[in-house]
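As structure tokens, the structure follows; a few thoughts come after it.
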Amino acid sequence: MNQTFVQKALARAAGKELAAVGEIVDARPDVVLSHDNTAAIARLFQTLGSARVAHPDQLAVTLDHAVPAPTAQHAENHAEIRRFVAQQGIRHFYEAGRGICHQVLSEEALILPGQLILGADSHTTHFGWLGALGAGIGRSEVAALWATGQLWLRVPETIRIELTGALPDGVTAKDLSLWLLQILGPEAGLYRALEFGGPGLSTLSVESRMVIPNMMAESGAKSAYLEPDETVFAWLGERIAARTGEPATQIEGRLAATTLYPDRDASYVGRIDLDLSEIGPGIACPDNPANVRPLADVAGTHIDQAFIGTCTNGRLEDLARAAGVLRAPDGQVRHVAAGTRLLIIPASSEVLRAAIEAGYVNTFLEAGAMLGVPGCGPCMGNHLGIPATGEVVLSSANRNFRGRMGNPESAVYLADPAVVAASAVLGRIAGPRELTDNETALRAARPLPGLVLHNDGNAEPAQIGDRDASRSNGISDGRAYSGRVWKYGDDVNTDVIFPGKYTYNVKEETEMALHALEDLDPRFAGAVQPGDIIVAGRNWGCGSSREQAVVCLKAAGVRVIIARSFARIYFRNAINNGLLPVVCPEAVAAIAAGETVAVDVDRCIVRCAAGEFAFPPLSDSALRIFEAGGLLPMLREAA
């Protein structure tokens, strides 16, 4: 049938036999995920006039992003969520302290191979380790799902990644993921799916597999699927059996029978063949997860804070590796260096309990580390470890964009937990072997010579609105926009568009506008005028699924953003809020900051001082939403 996994999964979710690449399907997810953003989603849901969630058993809600509540405003947010969950009869609710949503839902075995999970979190790609299709969406889309139970999705192109060999000693799935981000580059994954297979996959532990699809969110990919095997079925079978009493072998057999695999002759837009034995330890340098260099190249860099945790690397396997570094072969515990702080936050209460039983927590405390409540911790800059101005952090997290941890004037590096632990002991970036062998670092990672993404089709990133640019997009009211240009560069992320520290305590749109682009261009909020247009480079809006990064700009008066390319979730969030995203690389190159440009939506033309440039029209589905002023206004009008 020539179908990739994502084609099969979206066809199943839409009740279709087949799904073609580029097709728009109305999909019904098996699980809809939200977390501390549930209160904001509930307020949006209530504007639709719906008293009850359509399918409460479809929902999974976890308090994890700011736990325990750091301010009274955060506490009220949590209280609002608890009331909503009780009123709606939502069974799958996990209180503060249970852990991070992606880890908890995996542990609870709520997601099964072949299922579709949509979540108001950009790292919902995580569930690909189970052989499921996980994709991040915006909060407006989650509100729409609560009301209707379905959502339109474009069937993306797929990049196939074939793994062979096995990772060398001291090299982990985190290193693999970082190097893959460098190979893919900033745009290869935009609005595409990733598909992992090959004999090398079976050499990875279950917990190592969880790292990969989680990190692949940083490539811009819609989803990242790992072909499941008996190891995954056994892991799920044991957990489901403990809950239901059904024999684990029966569960495993059922899972194997219903799992979706790609066809052998499936068509891919690109391929990567990767021998795991060729990989060495890497470090992501500021301010991008794809800015990866060999560990040896950055060894010796001073650090002020080391952080082990998050949905990427806060599992028992990660804590075991860190504890193994902190406790020397003679049994003595190595202490954190003077002037350096080590913060460890388990991904879940289950992980914490197991770490206590294994003695890892005692090792951490003897080493002088701090422990936090299971949850996201400082990852999005809410609390529990925000760095000071000028400080350097080495983190096991998935994201190191400027301002990500709450202070745009700090620097964040990313590494494997064992490297983070060794660096905390020495007060500088170092590999674990430096503690025992007096080596300067672990085996130096090569930049994988000759390893590239082989494009089997169009190398340009796809966008939601991609269509034949020669046809009219059907808008009949002469819709056009003109305004003064604010121009920015590549990879502008949501943390600098709307800082994460305001996510749960700034609720009014007018106040959001006051913080628009605060950490990128402090002039903007005070000088922007209604009708102004933003022009940007590639991958505008990468990072978090934070819908406020769209709302703050629209509230400030921006109506159009012209970019070389958009991060997938940002593109959807823009359409869903009536903000026009225009993909036009030629116009971006020609437009100068401060000039006045016009966007003719009827003709799909950007007009500037350098001339006229065509852009592709929106898809029919996206067009209907935009014309209605956004997704929720469209649903209210339909009701």
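By order in the structure tokens, chains are A, B, ...; within a chain, residues start at 1; ligands start at 1, following the order shown.
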Exercise for the section: DSSP on the backbone, then: every residue of stretch 223-377 of chain A marked strand (DSSP E or B), written as a ChimeraX atom specification. Expected result: /A:223-226,270-275,282-284,292-294,302,305-308,327,333,341-344,348,370-371
Excluding A:Asn37 and any residue of its chain fewer than 5 positions from it, enumerate the residues within 9 Å of it, using only C-alpha atoms, and give them as a PDB file with all heavy atoms, in the first residue's frame.
ATOM      1  N   ALA A  42      -9.852  25.593  29.773  1.00  0.00           N
ATOM      2  CA  ALA A  42     -11.233  25.524  30.265  1.00  0.00           C
ATOM      3  C   ALA A  42     -11.964  26.841  30.038  1.00  0.00           C
ATOM      4  O   ALA A  42     -13.153  26.846  29.677  1.00  0.00           O
ATOM      5  CB  ALA A  42     -11.243  25.161  31.751  1.00  0.00           C
ATOM      6  N   LEU A  63      -0.874  17.972  36.681  1.00  0.00           N
ATOM      7  CA  LEU A  63      -0.266  19.193  37.219  1.00  0.00           C
ATOM      8  C   LEU A  63       1.237  18.932  37.348  1.00  0.00           C
ATOM      9  O   LEU A  63       1.656  18.105  38.153  1.00  0.00           O
ATOM     10  CB  LEU A  63      -0.875  19.555  38.573  1.00  0.00           C
ATOM     11  CG  LEU A  63      -2.362  19.935  38.565  1.00  0.00           C
ATOM     12  CD1 LEU A  63      -2.828  20.323  39.965  1.00  0.00           C
ATOM     13  CD2 LEU A  63      -2.622  21.074  37.597  1.00  0.00           C
ATOM     14  N   HIS A  65       3.884  21.545  35.591  1.00  0.00           N
ATOM     15  CA  HIS A  65       4.780  22.594  35.116  1.00  0.00           C
ATOM     16  C   HIS A  65       5.215  23.575  36.205  1.00  0.00           C
ATOM     17  O   HIS A  65       6.276  24.193  36.072  1.00  0.00           O
ATOM     18  CB  HIS A  65       4.134  23.365  33.962  1.00  0.00           C
ATOM     19  CG  HIS A  65       4.400  22.747  32.628  1.00  0.00           C
ATOM     20  ND1 HIS A  65       4.114  21.430  32.350  1.00  0.00           N
ATOM     21  CD2 HIS A  65       4.951  23.256  31.488  1.00  0.00           C
ATOM     22  CE1 HIS A  65       4.474  21.165  31.103  1.00  0.00           C
ATOM     23  NE2 HIS A  65       4.979  22.247  30.558  1.00  0.00           N
ATOM     24  N   ASN A  77      -4.532  28.903  39.878  1.00  0.00           N
ATOM     25  CA  ASN A  77      -4.622  28.179  38.614  1.00  0.00           C
ATOM     26  C   ASN A  77      -4.844  26.686  38.868  1.00  0.00           C
ATOM     27  O   ASN A  77      -5.709  26.047  38.250  1.00  0.00           O
ATOM     28  CB  ASN A  77      -3.338  28.389  37.807  1.00  0.00           C
ATOM     29  CG  ASN A  77      -3.358  27.704  36.456  1.00  0.00           C
ATOM     30  OD1 ASN A  77      -4.130  28.062  35.583  1.00  0.00           O
ATOM     31  ND2 ASN A  77      -2.498  26.713  36.292  1.00  0.00           N
ATOM     32  N   ILE A  81      -8.190  24.265  38.092  1.00  0.00           N
ATOM     33  CA  ILE A  81      -8.119  22.990  37.366  1.00  0.00           C
ATOM     34  C   ILE A  81      -8.789  21.882  38.171  1.00  0.00           C
ATOM     35  O   ILE A  81      -9.549  21.071  37.619  1.00  0.00           O
ATOM     36  CB  ILE A  81      -6.651  22.637  37.065  1.00  0.00           C
ATOM     37  CG1 ILE A  81      -6.062  23.644  36.072  1.00  0.00           C
ATOM     38  CG2 ILE A  81      -6.536  21.206  36.520  1.00  0.00           C
ATOM     39  CD1 ILE A  81      -4.563  23.527  35.894  1.00  0.00           C
ATOM     40  N   ALA A 120      -1.566  19.591  24.452  1.00  0.00           N
ATOM     41  CA  ALA A 120      -1.216  21.010  24.510  1.00  0.00           C
ATOM     42  C   ALA A 120       0.178  21.154  25.100  1.00  0.00           C
ATOM     43  O   ALA A 120       0.405  21.860  26.088  1.00  0.00           O
ATOM     44  CB  ALA A 120      -2.249  21.770  25.336  1.00  0.00           C
ATOM     45  N   ARG A 139      -3.657  25.435  22.642  1.00  0.00           N
ATOM     46  CA  ARG A 139      -4.722  25.330  23.648  1.00  0.00           C
ATOM     47  C   ARG A 139      -6.101  25.532  23.026  1.00  0.00           C
ATOM     48  O   ARG A 139      -7.073  24.905  23.479  1.00  0.00           O
ATOM     49  CB  ARG A 139      -4.490  26.327  24.776  1.00  0.00           C
ATOM     50  CG  ARG A 139      -4.468  27.785  24.349  1.00  0.00           C
ATOM     51  CD  ARG A 139      -4.212  28.725  25.507  1.00  0.00           C
ATOM     52  NE  ARG A 139      -4.416  30.108  25.079  1.00  0.00           N
ATOM     53  CZ  ARG A 139      -4.390  31.144  25.905  1.00  0.00           C
ATOM     54  NH1 ARG A 139      -4.165  30.963  27.188  1.00  0.00           N
ATOM     55  NH2 ARG A 139      -4.602  32.356  25.444  1.00  0.00           N
ATOM     56  N   THR A 503       3.395  32.592  31.726  1.00  0.00           N
ATOM     57  CA  THR A 503       2.401  31.703  31.130  1.00  0.00           C
ATOM     58  C   THR A 503       1.161  31.535  31.990  1.00  0.00           C
ATOM     59  O   THR A 503       0.031  31.556  31.482  1.00  0.00           O
ATOM     60  CB  THR A 503       3.030  30.329  30.841  1.00  0.00           C
ATOM     61  OG1 THR A 503       4.123  30.502  29.939  1.00  0.00           O
ATOM     62  CG2 THR A 503       2.008  29.387  30.212  1.00  0.00           C
ATOM     63  N   TYR A 504       1.342  31.348  33.286  1.00  0.00           N
ATOM     64  CA  TYR A 504       0.197  31.014  34.139  1.00  0.00           C
ATOM     65  C   TYR A 504      -0.284  32.164  35.019  1.00  0.00           C
ATOM     66  O   TYR A 504      -1.233  32.000  35.775  1.00  0.00           O
ATOM     67  CB  TYR A 504       0.543  29.797  35.012  1.00  0.00           C
ATOM     68  CG  TYR A 504       0.943  28.603  34.182  1.00  0.00           C
ATOM     69  CD1 TYR A 504       2.205  28.037  34.293  1.00  0.00           C
ATOM     70  CD2 TYR A 504       0.069  28.068  33.239  1.00  0.00           C
ATOM     71  CE1 TYR A 504       2.572  26.958  33.511  1.00  0.00           C
ATOM     72  CE2 TYR A 504       0.428  26.992  32.454  1.00  0.00           C
ATOM     73  CZ  TYR A 504       1.684  26.440  32.597  1.00  0.00           C
ATOM     74  OH  TYR A 504       2.057  25.369  31.814  1.00  0.00           O
TER      75      TYR A 504
END
Fill in the blank from the handout: Restricting to only C-alpha atoms, whichever of A:Gln250, A:Ser482, A:Ser349, A:Thr38 is closest to A:Thr596 is A:Ser482
Handout entry: Top pick for closest residue to A:Cys379, considering A:Ala54, A:Leu631, A:Leu18, A:Ala397 and counting only C-alpha atoms
Key =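 Looking at the shortest contact to A:Cys379, the residue is A:Ala397.
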Problem - A:Ile251 environment, 10 Å, only C-alpha atoms, sequence neighbours closer than 2 positions dropped, as a list in words - result: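 Result of the neighbour search: Phe233, Ala234, Leu236, Gly237, Glu238, Arg239, Ile240, Ala241, Glu246, Pro247, Ala248, Thr249, Gly253, Arg254, Leu255, Ala256 and Ala257 of chain A.
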For the selection just defined, write its residues with N, CA and C atoms to a file, as a PDB file, in the first residue's frame.
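Output file selection-v6.pdb is given in full below:
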ATOM      1  N   PHE A 233       6.131  -4.211  24.181  1.00  0.00           N
ATOM      2  CA  PHE A 233       4.895  -4.920  24.510  1.00  0.00           C
ATOM      3  C   PHE A 233       4.952  -5.491  25.923  1.00  0.00           C
ATOM      4  N   ALA A 234       6.111  -6.028  26.304  1.00  0.00           N
ATOM      5  CA  ALA A 234       6.257  -6.603  27.642  1.00  0.00           C
ATOM      6  C   ALA A 234       6.162  -5.521  28.717  1.00  0.00           C
ATOM      7  N   LEU A 236       4.528  -2.654  28.541  1.00  0.00           N
ATOM      8  CA  LEU A 236       3.125  -2.265  28.646  1.00  0.00           C
ATOM      9  C   LEU A 236       2.290  -3.375  29.259  1.00  0.00           C
ATOM     10  N   GLY A 237       2.534  -4.612  28.827  1.00  0.00           N
ATOM     11  CA  GLY A 237       1.741  -5.734  29.322  1.00  0.00           C
ATOM     12  C   GLY A 237       1.820  -5.883  30.821  1.00  0.00           C
ATOM     13  N   GLU A 238       3.002  -5.713  31.372  1.00  0.00           N
ATOM     14  CA  GLU A 238       3.177  -5.827  32.821  1.00  0.00           C
ATOM     15  C   GLU A 238       2.384  -4.756  33.565  1.00  0.00           C
ATOM     16  N   ARG A 239       2.368  -3.550  33.038  1.00  0.00           N
ATOM     17  CA  ARG A 239       1.676  -2.454  33.715  1.00  0.00           C
ATOM     18  C   ARG A 239       0.158  -2.578  33.579  1.00  0.00           C
ATOM     19  N   ILE A 240      -0.292  -2.943  32.399  1.00  0.00           N
ATOM     20  CA  ILE A 240      -1.735  -3.112  32.214  1.00  0.00           C
ATOM     21  C   ILE A 240      -2.241  -4.295  33.036  1.00  0.00           C
ATOM     22  N   ALA A 241      -1.462  -5.377  33.108  1.00  0.00           N
ATOM     23  CA  ALA A 241      -1.848  -6.549  33.897  1.00  0.00           C
ATOM     24  C   ALA A 241      -1.976  -6.201  35.376  1.00  0.00           C
ATOM     25  N   GLU A 246      -5.573  -9.015  34.009  1.00  0.00           N
ATOM     26  CA  GLU A 246      -5.497  -9.863  32.823  1.00  0.00           C
ATOM     27  C   GLU A 246      -4.067 -10.389  32.671  1.00  0.00           C
ATOM     28  N   PRO A 247      -3.900 -11.628  32.222  1.00  0.00           N
ATOM     29  CA  PRO A 247      -2.541 -12.156  32.034  1.00  0.00           C
ATOM     30  C   PRO A 247      -1.725 -11.283  31.079  1.00  0.00           C
ATOM     31  N   ALA A 248      -0.502 -10.994  31.471  1.00  0.00           N
ATOM     32  CA  ALA A 248       0.348 -10.107  30.675  1.00  0.00           C
ATOM     33  C   ALA A 248       0.597 -10.657  29.283  1.00  0.00           C
ATOM     34  N   THR A 249       0.715 -11.975  29.148  1.00  0.00           N
ATOM     35  CA  THR A 249       0.985 -12.553  27.832  1.00  0.00           C
ATOM     36  C   THR A 249      -0.167 -12.300  26.866  1.00  0.00           C
ATOM     37  N   GLY A 253       0.148 -10.130  23.374  1.00  0.00           N
ATOM     38  CA  GLY A 253      -0.291 -10.665  22.088  1.00  0.00           C
ATOM     39  C   GLY A 253      -1.274  -9.740  21.395  1.00  0.00           C
ATOM     40  N   ARG A 254      -2.184  -9.150  22.168  1.00  0.00           N
ATOM     41  CA  ARG A 254      -3.161  -8.222  21.591  1.00  0.00           C
ATOM     42  C   ARG A 254      -2.473  -6.965  21.068  1.00  0.00           C
ATOM     43  N   LEU A 255      -1.516  -6.463  21.834  1.00  0.00           N
ATOM     44  CA  LEU A 255      -0.783  -5.274  21.395  1.00  0.00           C
ATOM     45  C   LEU A 255      -0.025  -5.541  20.102  1.00  0.00           C
ATOM     46  N   ALA A 256       0.621  -6.681  20.035  1.00  0.00           N
ATOM     47  CA  ALA A 256       1.382  -7.019  18.832  1.00  0.00           C
ATOM     48  C   ALA A 256       0.468  -7.131  17.620  1.00  0.00           C
ATOM     49  N   ALA A 257      -0.757  -7.619  17.833  1.00  0.00           N
ATOM     50  CA  ALA A 257      -1.681  -7.828  16.718  1.00  0.00           C
ATOM     51  C   ALA A 257      -2.273  -6.531  16.201  1.00  0.00           C
TER      52      ALA A 257
END
Exercise for the section: List every residue of stretch 83-206 of chain A that DSSP, applied to the backbone of this structure, assigns to helix (DSSP H, G or I), and report them as a PyMOL selection string. Expected result: chain A and resi 83-88+101-107+122-130+139-148+173-184+199-203+206
Generate the output file for the selected residues, C-alpha atoms, as a PDB file, in the first residue's frame.
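Once written, out.pdb looks like this:
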ATOM      1  CA  ARG A  83     -12.636  22.247  40.275  1.00  0.00           C
ATOM      2  CA  PHE A  84     -12.976  21.737  36.517  1.00  0.00           C
ATOM      3  CA  VAL A  85     -11.733  18.151  36.672  1.00  0.00           C
ATOM      4  CA  ALA A  86     -14.226  17.327  39.440  1.00  0.00           C
ATOM      5  CA  GLN A  87     -17.123  19.012  37.642  1.00  0.00           C
ATOM      6  CA  GLN A  88     -16.394  17.209  34.369  1.00  0.00           C
ATOM      7  CA  CYS A 101       2.716  14.384  31.991  1.00  0.00           C
ATOM      8  CA  HIS A 102       4.725  12.476  29.376  1.00  0.00           C
ATOM      9  CA  GLN A 103       6.366  10.236  31.970  1.00  0.00           C
ATOM     10  CA  VAL A 104       3.183   9.705  33.982  1.00  0.00           C
ATOM     11  CA  LEU A 105       0.963   8.781  31.038  1.00  0.00           C
ATOM     12  CA  SER A 106       3.631   6.324  29.901  1.00  0.00           C
ATOM     13  CA  GLU A 107       3.826   4.763  33.366  1.00  0.00           C
ATOM     14  CA  SER A 122       5.150  20.545  22.209  1.00  0.00           C
ATOM     15  CA  HIS A 123       6.839  17.397  23.565  1.00  0.00           C
ATOM     16  CA  THR A 124       3.783  15.212  22.982  1.00  0.00           C
ATOM     17  CA  THR A 125       6.014  13.630  20.319  1.00  0.00           C
ATOM     18  CA  HIS A 126       7.315  11.681  23.344  1.00  0.00           C
ATOM     19  CA  PHE A 127       4.716   8.934  22.905  1.00  0.00           C
ATOM     20  CA  GLY A 128       6.300   7.801  19.682  1.00  0.00           C
ATOM     21  CA  TRP A 129       8.500   5.526  21.808  1.00  0.00           C
ATOM     22  CA  LEU A 130       5.385   3.382  22.313  1.00  0.00           C
ATOM     23  CA  ARG A 139      -4.722  25.330  23.648  1.00  0.00           C
ATOM     24  CA  SER A 140      -7.533  26.545  21.339  1.00  0.00           C
ATOM     25  CA  GLU A 141      -7.362  23.222  19.529  1.00  0.00           C
ATOM     26  CA  VAL A 142      -7.578  21.328  22.800  1.00  0.00           C
ATOM     27  CA  ALA A 143     -10.661  23.361  23.748  1.00  0.00           C
ATOM     28  CA  ALA A 144     -12.147  22.445  20.372  1.00  0.00           C
ATOM     29  CA  LEU A 145     -11.366  18.775  20.980  1.00  0.00           C
ATOM     30  CA  TRP A 146     -13.080  18.909  24.360  1.00  0.00           C
ATOM     31  CA  ALA A 147     -16.190  20.235  22.624  1.00  0.00           C
ATOM     32  CA  THR A 148     -16.210  18.113  19.463  1.00  0.00           C
ATOM     33  CA  ALA A 173      20.339   8.064  23.504  1.00  0.00           C
ATOM     34  CA  LYS A 174      20.733  11.710  24.523  1.00  0.00           C
ATOM     35  CA  ASP A 175      23.934  11.926  22.496  1.00  0.00           C
ATOM     36  CA  LEU A 176      22.207  10.192  19.595  1.00  0.00           C
ATOM     37  CA  SER A 177      19.321  12.658  19.768  1.00  0.00           C
ATOM     38  CA  LEU A 178      21.544  15.723  19.892  1.00  0.00           C
ATOM     39  CA  TRP A 179      23.578  14.619  16.876  1.00  0.00           C
ATOM     40  CA  LEU A 180      20.390  13.835  14.979  1.00  0.00           C
ATOM     41  CA  LEU A 181      19.160  17.370  15.636  1.00  0.00           C
ATOM     42  CA  GLN A 182      22.377  18.678  14.126  1.00  0.00           C
ATOM     43  CA  ILE A 183      22.044  16.378  11.104  1.00  0.00           C
ATOM     44  CA  LEU A 184      18.419  17.311  10.505  1.00  0.00           C
ATOM     45  CA  PRO A 199      18.180  -3.445  14.119  1.00  0.00           C
ATOM     46  CA  GLY A 200      19.944  -0.773  16.160  1.00  0.00           C
ATOM     47  CA  LEU A 201      16.667   0.201  17.783  1.00  0.00           C
ATOM     48  CA  SER A 202      16.407  -3.108  19.657  1.00  0.00           C
ATOM     49  CA  THR A 203      19.759  -2.463  21.350  1.00  0.00           C
ATOM     50  CA  VAL A 206      12.985   1.164  27.075  1.00  0.00           C
TER      51      VAL A 206
END
Problem - One-decimal distance in Å that lies between atom CA of A:Lys554 and atom CA of A:Glu509 - result: 8.8 Å
Practice task
Considering only C-alpha atoms, state which residue in the set A:His35, A:His302, A:His383, A:Arg399 is at the smallest distance from A:Pro289.
Solution key: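 Distance minimum relative to A:Pro289 lands on A:Arg399.
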Handout entry: Residue contacts of A:Asn288 (10 Å, only C-alpha atoms) excluding same-chain residues fewer than 5 positions away, as a PyMOL selection string
Key = chain A and resi 181-182+186+218+398-402+412-414+491+493+543
Include all heavy atoms and write out the residues we just selected as a compact mmCIF listing (two decimals), in the first residue's frame.
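Output file selection23.txt is given in full below:
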# COMPACT_ATOMS: atom_id res chain seq x y z
N LEU A 181 19.66 16.01 15.80
CA LEU A 181 19.16 17.37 15.64
C LEU A 181 20.12 18.19 14.77
O LEU A 181 19.70 18.99 13.93
CB LEU A 181 18.97 18.04 16.99
CG LEU A 181 17.84 17.51 17.86
CD1 LEU A 181 17.80 18.23 19.20
CD2 LEU A 181 16.49 17.62 17.16
N GLN A 182 21.41 17.96 14.96
CA GLN A 182 22.38 18.68 14.13
C GLN A 182 22.28 18.22 12.67
O GLN A 182 22.33 19.04 11.74
CB GLN A 182 23.80 18.46 14.64
CG GLN A 182 24.83 19.30 13.90
CD GLN A 182 26.24 18.78 14.07
OE1 GLN A 182 26.56 17.68 13.63
NE2 GLN A 182 27.08 19.58 14.71
N PRO A 186 17.69 22.94 11.16
CA PRO A 186 16.56 23.65 11.77
C PRO A 186 15.24 23.52 11.03
O PRO A 186 14.21 23.87 11.57
CB PRO A 186 17.04 25.11 11.76
CG PRO A 186 17.98 25.19 10.59
CD PRO A 186 18.67 23.86 10.55
N GLU A 218 12.40 19.09 18.93
CA GLU A 218 13.26 20.24 18.65
C GLU A 218 13.65 20.33 17.18
O GLU A 218 14.26 21.31 16.76
CB GLU A 218 14.51 20.18 19.53
CG GLU A 218 14.25 19.97 21.00
CD GLU A 218 13.17 20.87 21.56
OE1 GLU A 218 13.10 22.04 21.15
OE2 GLU A 218 12.38 20.41 22.40
N ASN A 398 15.62 19.24 27.29
CA ASN A 398 15.51 19.11 25.84
C ASN A 398 15.66 20.43 25.11
O ASN A 398 15.72 20.44 23.88
CB ASN A 398 14.15 18.49 25.48
CG ASN A 398 13.03 19.04 26.34
OD1 ASN A 398 13.00 20.22 26.65
ND2 ASN A 398 12.11 18.17 26.73
N ARG A 399 15.72 21.53 25.82
CA ARG A 399 15.63 22.84 25.16
C ARG A 399 16.55 23.83 25.86
O ARG A 399 16.60 23.90 27.08
CB ARG A 399 14.17 23.31 25.22
CG ARG A 399 13.79 24.42 24.31
CD ARG A 399 12.26 24.52 24.22
NE ARG A 399 11.69 23.55 23.31
CZ ARG A 399 10.42 23.18 23.29
NH1 ARG A 399 9.57 23.69 24.15
NH2 ARG A 399 10.00 22.29 22.40
N ASN A 400 17.29 24.61 25.08
CA ASN A 400 18.20 25.60 25.67
C ASN A 400 18.13 26.94 24.95
O ASN A 400 19.11 27.67 24.87
CB ASN A 400 19.64 25.09 25.66
CG ASN A 400 20.20 24.90 24.26
OD1 ASN A 400 19.46 24.73 23.29
ND2 ASN A 400 21.53 24.93 24.15
N PHE A 401 16.94 27.26 24.41
CA PHE A 401 16.77 28.56 23.77
C PHE A 401 17.04 29.68 24.76
O PHE A 401 16.86 29.52 25.98
CB PHE A 401 15.35 28.70 23.22
CG PHE A 401 15.02 27.72 22.13
CD1 PHE A 401 13.93 26.89 22.23
CD2 PHE A 401 15.82 27.63 21.00
CE1 PHE A 401 13.61 26.00 21.23
CE2 PHE A 401 15.52 26.73 19.99
CZ PHE A 401 14.42 25.91 20.11
N ARG A 402 17.43 30.81 24.25
CA ARG A 402 17.67 31.98 25.10
C ARG A 402 16.41 32.29 25.90
O ARG A 402 15.31 32.39 25.37
CB ARG A 402 18.05 33.17 24.23
CG ARG A 402 18.35 34.44 25.01
CD ARG A 402 18.97 35.49 24.10
NE ARG A 402 19.18 36.72 24.83
CZ ARG A 402 18.38 37.78 24.79
NH1 ARG A 402 17.29 37.74 24.01
NH2 ARG A 402 18.63 38.87 25.48
N VAL A 412 22.66 28.26 28.60
CA VAL A 412 22.29 26.89 28.94
C VAL A 412 22.90 25.93 27.91
O VAL A 412 22.72 26.10 26.70
CB VAL A 412 20.77 26.70 28.98
CG1 VAL A 412 20.41 25.26 29.34
CG2 VAL A 412 20.13 27.68 29.98
N TYR A 413 23.61 24.93 28.41
CA TYR A 413 24.13 23.82 27.60
C TYR A 413 23.32 22.57 27.93
O TYR A 413 22.78 22.44 29.03
CB TYR A 413 25.60 23.55 27.93
CG TYR A 413 26.57 24.64 27.52
CD1 TYR A 413 26.68 25.81 28.29
CD2 TYR A 413 27.39 24.50 26.41
CE1 TYR A 413 27.58 26.81 27.93
CE2 TYR A 413 28.30 25.48 26.05
CZ TYR A 413 28.39 26.64 26.81
OH TYR A 413 29.28 27.62 26.46
N LEU A 414 23.25 21.64 26.98
CA LEU A 414 22.51 20.40 27.18
C LEU A 414 23.45 19.20 27.06
O LEU A 414 24.32 19.18 26.18
CB LEU A 414 21.40 20.25 26.13
CG LEU A 414 20.37 21.37 26.04
CD1 LEU A 414 19.36 21.05 24.93
CD2 LEU A 414 19.65 21.57 27.37
N ASP A 491 15.01 31.20 13.68
CA ASP A 491 14.82 30.42 14.91
C ASP A 491 14.38 31.26 16.10
O ASP A 491 14.83 31.03 17.23
CB ASP A 491 16.12 29.67 15.25
CG ASP A 491 16.55 28.73 14.15
OD1 ASP A 491 15.69 28.01 13.62
OD2 ASP A 491 17.76 28.71 13.82
N ASN A 493 12.22 31.84 18.98
CA ASN A 493 11.42 30.85 19.70
C ASN A 493 10.37 31.49 20.58
O ASN A 493 10.41 32.70 20.88
CB ASN A 493 12.34 29.94 20.52
CG ASN A 493 12.99 30.68 21.68
OD1 ASN A 493 12.42 30.84 22.74
ND2 ASN A 493 14.22 31.16 21.45
N GLY A 543 9.94 25.90 19.37
CA GLY A 543 9.92 25.70 20.81
C GLY A 543 8.57 25.30 21.34
O GLY A 543 7.87 24.45 20.78
Problem - Pick from A:Ala135, A:Thr71, A:Ala320, A:Ile591, whichever lies nearest to A:Asn362 using only C-alpha atoms - result: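 Closest residue, counting only C-alpha atoms: A:Ala320.
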Handout entry: Within 10 Å of stretch 604-607 of chain A using only C-alpha atoms, minus same-chain residues under 2 positions, as a VMD selection string
Key = chain A and resid 469 to 473 480 to 482 562 582 584 586 to 588 591 596 to 602 609 to 618
Problem - Contact residues around A:Ile429 with only C-alpha atoms at 8 Å, ignoring same-chain residues under 2 positions, as JSON, numbers by chain - result: {"A": [298, 299, 300, 301, 302, 303, 394, 419, 420, 422, 423, 424, 426, 427, 431]}
Mind writing the picked residues with C-alpha atoms as a PDB file, in the first residue's frame?
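Result file part_27.pdb:
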ATOM      1  CA  VAL A 298      33.644  22.379  25.148  1.00  0.00           C
ATOM      2  CA  ALA A 299      35.226  20.521  28.081  1.00  0.00           C
ATOM      3  CA  GLY A 300      36.523  22.960  30.669  1.00  0.00           C
ATOM      4  CA  THR A 301      33.716  25.487  30.295  1.00  0.00           C
ATOM      5  CA  HIS A 302      32.826  26.825  33.749  1.00  0.00           C
ATOM      6  CA  ILE A 303      29.324  26.065  35.043  1.00  0.00           C
ATOM      7  CA  LEU A 394      24.475  22.482  32.152  1.00  0.00           C
ATOM      8  CA  VAL A 419      28.085  14.310  31.946  1.00  0.00           C
ATOM      9  CA  VAL A 420      25.978  16.740  33.994  1.00  0.00           C
ATOM     10  CA  ALA A 422      30.632  14.784  36.401  1.00  0.00           C
ATOM     11  CA  SER A 423      30.587  18.457  35.495  1.00  0.00           C
ATOM     12  CA  ALA A 424      28.890  19.323  38.796  1.00  0.00           C
ATOM     13  CA  LEU A 426      34.433  19.487  38.750  1.00  0.00           C
ATOM     14  CA  GLY A 427      32.611  22.796  38.350  1.00  0.00           C
ATOM     15  CA  GLY A 431      33.092  13.660  30.936  1.00  0.00           C
TER      16      GLY A 431
END
Handout entry: Distance criterion (only C-alpha atoms): nearest to A:Gly390 out of A:Ala354, A:Ala411, A:Ile159, A:Val425
Key =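 Answer, going by the shortest atom-to-atom distance: A:Ala411.
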Practice task
Identify which of the residues A:Gly220, A:Gly136, A:Gly368, A:Pro294 lies closest to A:Gly339, counting only C-alpha atoms when measuring atom-to-atom distances.
Solution key: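 Among the listed residues, the smallest separation from A:Gly339 belongs to A:Gly368.
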Practice task
Rounded to one decimal place, report the atom CA of A:Ala622-atom CA of A:Ala132 distance in Å.
Solution key: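 Taking atom CA of A:Ala622 and atom CA of A:Ala132, their separation equals 25.5 Å.
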